[in-house]
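First the structure, in the form of structure tokens, and then the observations on it.
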Protein chains: 2
Amino acid sequence: MSKSQKSPVTIKTIASEMGLSFSTVAKALNEDPLIKEETRARVQEKAAEMGYFPNVMARSLRNNSTKNIALIFNDIENPSLAHIFGRITKEMGGHGYSTLICDSQYDTAVEAHNISTVLSRKPEAVIISPVTSDPARLRLLKNMADRVIVLGDTLDGFQSNYVHVDYVLGGYISAKEMIENGHTSNMVITEPEYCPTCRQFIQGVEKAYREYGLSLDREMIYYCPPSIENGRQYVMEQYGKGGSFTGVITLCDALAYGVYKAAAMLGLTIPSDISVIGFDDYALSSFAMPPLTTVCLPTERIAERCAEILNTKLKGDSESTQIFSIEPHLVQRKSILKQYKE
Amino acid sequence: MSKSQKSPVTIKTIASEMGLSFSTVAKALNEDPLIKEETRARVQEKAAEMGYFPNVMARSLRNNSTKNIALIFNDIENPSLAHIFGRITKEMGGHGYSTLICDSQYDTAVEAHNISTVLSRKPEAVIISPVTSDPARLRLLKNMADRVIVLGDTLDGFQSNYVHVDYVLGGYISAKEMIENGHTSNMVITEPEYCPTCRQFIQGVEKAYREYGLSLDREMIYYCPPSIENGRQYVMEQYGKGGSFTGVITLCDALAYGVYKAAAMLGLTIPSDISVIGFDDYALSSFAMPPLTTVCLPTERIAERCAEILNTKLKGDSESTQIFSIEPHLVQRKSILKQYKE
DNA sequence: TTGTACGCGTTATCAG
DNA sequence: CTGATAACGCGTACAA
């Protein structure tokens, strides 16, 4: 759709401007010791003056190394993911890598599109937090599976590097905390149903319920892309229907804040009227009113593991794949009311 | 440092595999009507099967259009910036553009490095929130200034597109709110001094002080990259020195939360012991304890303006530059104590 | 309908 | 020390 590039300054431009052959210029710019000191200096000066920058596309084409790493995240505005990719860009930027970012917006079609876009860019590694649970949808990544890092759940049938987060445990912890505080009738608000992490989470919740001889009412589970607005909406909807619940279990702090918002609009108080538990533990969640009880996703460790895998991969060392597992943990604060047994 | 690319499937690979010439394959893949329907179908099928993806590098080289847009932000974990670039990636992703991200970490050296990296990628547009106030440091971008969007303050001597945010007004609003509530002795915590936005902000604060016949104590101004930790540290430091202040004016909600944290650690209460005003208005700031009074940076409008400029630019329409100005506004909540006049 | 030749900006190899 | 040339993968005139 566009041409632009007013002044594509290339080694050839410089060469003709200086009456040299372009290959001399190339060598001068690459500090080739064969080039006379004085020539080199002159060329470099001229290049700087003309605003020359090597064309990485051409270079990549030539030596088949793009220095690109791609991230495909399902919501880059999520502070936890933002923190992870922030860490990664900083780390990789230092090593001369550029970071390509895509946001799948919890939409499998967008995700598919992102995968294609990214693959056309021939990245040397891809980090993806997949929206889909279907490994077939990642088949396009199979050619480079050993340089892919999957965040979240492990996908059977897709052999790759994983930084696996135990969402079953996460769901279990959440539900258990609610139940132990006396909340046996809870709403659950999670990600879209097709997300791998969602399934795991629900599984964990059900496990906790079973242990206490309770059963999870399917009607009380809501699936949606995590956002404050979605959390607010579902709580108000359920409340409007006269649904009886004392607790809300969420798969994201953003959803938990939606509960806060709904409570404010309904004139209710947290936790005395509604208890809520989040997931992720945003940096700001300890400052909330009341401080949000949540399950902490250890983003620091996730980022470290990613960096670790990237470093071994990009050195070209191994063809094998690595799997790390990470456990979330409970952070007790003040958003759950302790109810006494009846 | 790496080669990789186990199976670089190219049109040639496909061609030889099928006993066709590579240009036939190329045309088939590009839906060229000259190619027999059946051949095209066969080729496309084979390509999909082999996991072929066009090499965008090569294509860019050929037709001089990279479909890249680059963002250079000083802190991508800042939720406000995250929101802006989220909006932009989504918008541009739909139009076939990829987004390259860099984080300058409030460091001018890193920023310079980022600019070089990005320019080597020949992006069709660059959006930058500059760390430096010195237009000379952006000279490398001059060759494509008409396709650069600068966020924040306008820089004299660098003609480009601007989405200018009136930080003078922001600083003025902040200080005025503090003063009008009876706080005449305040700490100020801002970005590093060399940041353009910082200077503007301080200027605004001073303007408000002057209007009320007060003068701003330079010793009470702290410069640092905005983070919760930095905010906490400076407040505790100042408090430890026995500094007398009742309010803290900050240039970022993150810094304000640092004040919250310091207060908690010192056993003080906000706002009765310390009043504080933020800047940015994170989505979560209304949920804080107490809800954070802050100056709202209208990220939605900023993102829209950026998109608007990008759209006209990338259509190749104009060579001219556009300037938009955006005004922040006060959001009164509960983190400032109303003091009665003595 | 299919194949050939050339150029995009680099780097690398080989001659001068 | 410097210059010429091939190749990377793709697109497109032009020839077959």
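Chain labels run A, B, ... following the order of the structure tokens; each chain numbers its residues from 1, and ligands are numbered from 1 in the order shown.
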Nearby residues (only C-alpha atoms (C1' of nucleotides)) at most 10 Å from Tyr167 in chain A, same-chain spacing under 5 positions excluded, as a short mmCIF file (atom, residue, chain, number, x, y, z; two decimals) with C-alpha atoms, in the first residue's frame:
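And here's selection.cif as it stands now:
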```cif
data_model
loop_
_atom_site.label_atom_id
_atom_site.label_comp_id
_atom_site.auth_asym_id
_atom_site.auth_seq_id
_atom_site.Cartn_x
_atom_site.Cartn_y
_atom_site.Cartn_z
CA GLY A 152 0.67 -21.82 29.97
CA ASP A 153 -0.60 -25.30 29.58
CA TYR A 172 -7.71 -25.76 43.20
CA ILE A 173 -6.09 -23.17 45.43
CA PRO A 196 -6.14 -24.39 27.47
CA THR A 197 -5.60 -22.55 30.72
CA CYS A 198 -9.33 -22.18 31.29
CA ARG A 199 -9.91 -25.90 31.13
CA GLN A 200 -7.17 -26.63 33.55
CA PHE A 201 -8.40 -24.02 35.93
CA ILE A 202 -11.95 -25.35 35.96
CA GLN A 203 -10.59 -28.80 36.52
CA GLY A 204 -8.78 -27.58 39.59
CA VAL A 205 -11.86 -25.84 40.91
CA LEU A 251 -9.09 -16.40 36.45
CA LEU A 297 1.48 -16.01 38.79
CA ILE A 326 5.79 -23.32 37.50
CA GLU A 327 3.45 -23.33 40.43
CA PRO A 328 1.25 -20.41 41.33
#
```
Would you kindly return, as a list in words, each protein, DNA or RNA residue with an atom no farther than 9 Å from any atom of range 2-5 of chain D, considering only C-alpha atoms (C1' of nucleotides) and excluding same-chain residues fewer than 4 positions away?
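Result of the neighbour search: Leu20, Ser21, Phe22, Ser23, Thr24 and Ile35 of chain A; DT13, DC14, DA15 and DG16 of chain C.
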Using only C-alpha atoms (C1' of nucleotides), which residues sit within 6 Å of range 8-11 of chain D once same-chain residues fewer than 3 positions away are excluded, as a count of residues only?
4
Write out as a ChimeraX atom specification the set of residues from range 11-257 of chain A that DSSP, computed on the backbone, places in helix (DSSP H, G or I).
/A:11-18,22-29,37-50,56-63,79-94,108-120,135-147,167-180,196-211,218-220,228-240,253-257
What is the distance, in Å and to one decimal place, between CA of Ala82 in chain B and CA of Asp280 in chain B?
12.0 Å
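For the pair CA of Ala15 in chain A and CA of Tyr52 in chain A, the interatomic distance is 11.8 Å.
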Residues of chain A at most 6 Å from chain B: nearest atom pair and distance in Å, only C-alpha atoms, as a Markdown table:
```
| residue | atom | partner | partner_atom | distance |
| --- | --- | --- | --- | --- |
| A:Ser2 | CA | B:Gly316 | CA | 5.5 |
| A:Lys3 | CA | B:Ser65 | CA | 5.9 |
| A:Phe53 | CA | B:Ser120 | CA | 5.5 |
| A:Pro54 | CA | B:Ser120 | CA | 5.5 |
| A:Asn55 | CA | B:Ser120 | CA | 5.2 |
| A:Val56 | CA | B:Ser120 | CA | 5.4 |
| A:Met57 | CA | B:Met57 | CA | 4.8 |
| A:Ser65 | CA | B:Lys3 | CA | 5.9 |
| A:Glu77 | CA | B:Ala82 | CA | 5.6 |
| A:Ala82 | CA | B:Glu77 | CA | 5.6 |
| A:His83 | CA | B:Glu77 | CA | 5.9 |
| A:Thr99 | CA | B:Leu100 | CA | 5.8 |
| A:Leu100 | CA | B:Leu100 | CA | 4.7 |
| A:Ile101 | CA | B:Thr99 | CA | 5.8 |
| A:Ser120 | CA | B:Asn55 | CA | 5.3 |
| A:Arg121 | CA | B:Val56 | CA | 5.6 |
| A:Phe287 | CA | B:Ala288 | CA | 5.4 |
| A:Ala288 | CA | B:Ala288 | CA | 4.1 |
| A:Met289 | CA | B:Met289 | CA | 4.4 |
| A:Leu314 | CA | B:Ser2 | CA | 5.8 |
| A:Lys315 | CA | B:Ser2 | CA | 5.8 |
| A:Gly316 | CA | B:Ser2 | CA | 5.5 |
```
DSSP says strand (DSSP E) for which residues of range 98-297 of chain A? Put them as JSON, numbers by chain?
{"A": [98, 99, 100, 101, 102, 103, 125, 126, 127, 128, 148, 149, 150, 151, 152, 161, 162, 163, 164, 165, 186, 187, 188, 189, 190, 221, 222, 223, 247, 248, 249, 250, 275, 276, 277, 278, 279, 280, 294, 295, 296]}
Given only C-alpha atoms (C1' of nucleotides), how would the per-residue table for chain C near chain B read, listing every residue at most 12 Å away with its closest atom pair and distance in Å to one decimal, sorted by chain and number, as a tab-separated table?
```
residue	atom	partner	partner_atom	distance
C:DT1	C1'	B:Ile35	CA	6.5
C:DT2	C1'	B:Thr24	CA	6.6
C:DG3	C1'	B:Ser21	CA	6.5
C:DT4	C1'	B:Ser23	CA	9.3
C:DA5	C1'	B:Ser23	CA	11.4
C:DC6	C1'	B:Arg62	CA	11.5
C:DG7	C1'	B:Arg62	CA	7.7
C:DC8	C1'	B:Arg62	CA	4.4
C:DG9	C1'	B:Leu61	CA	7.3
C:DT10	C1'	B:Leu61	CA	10.5
```
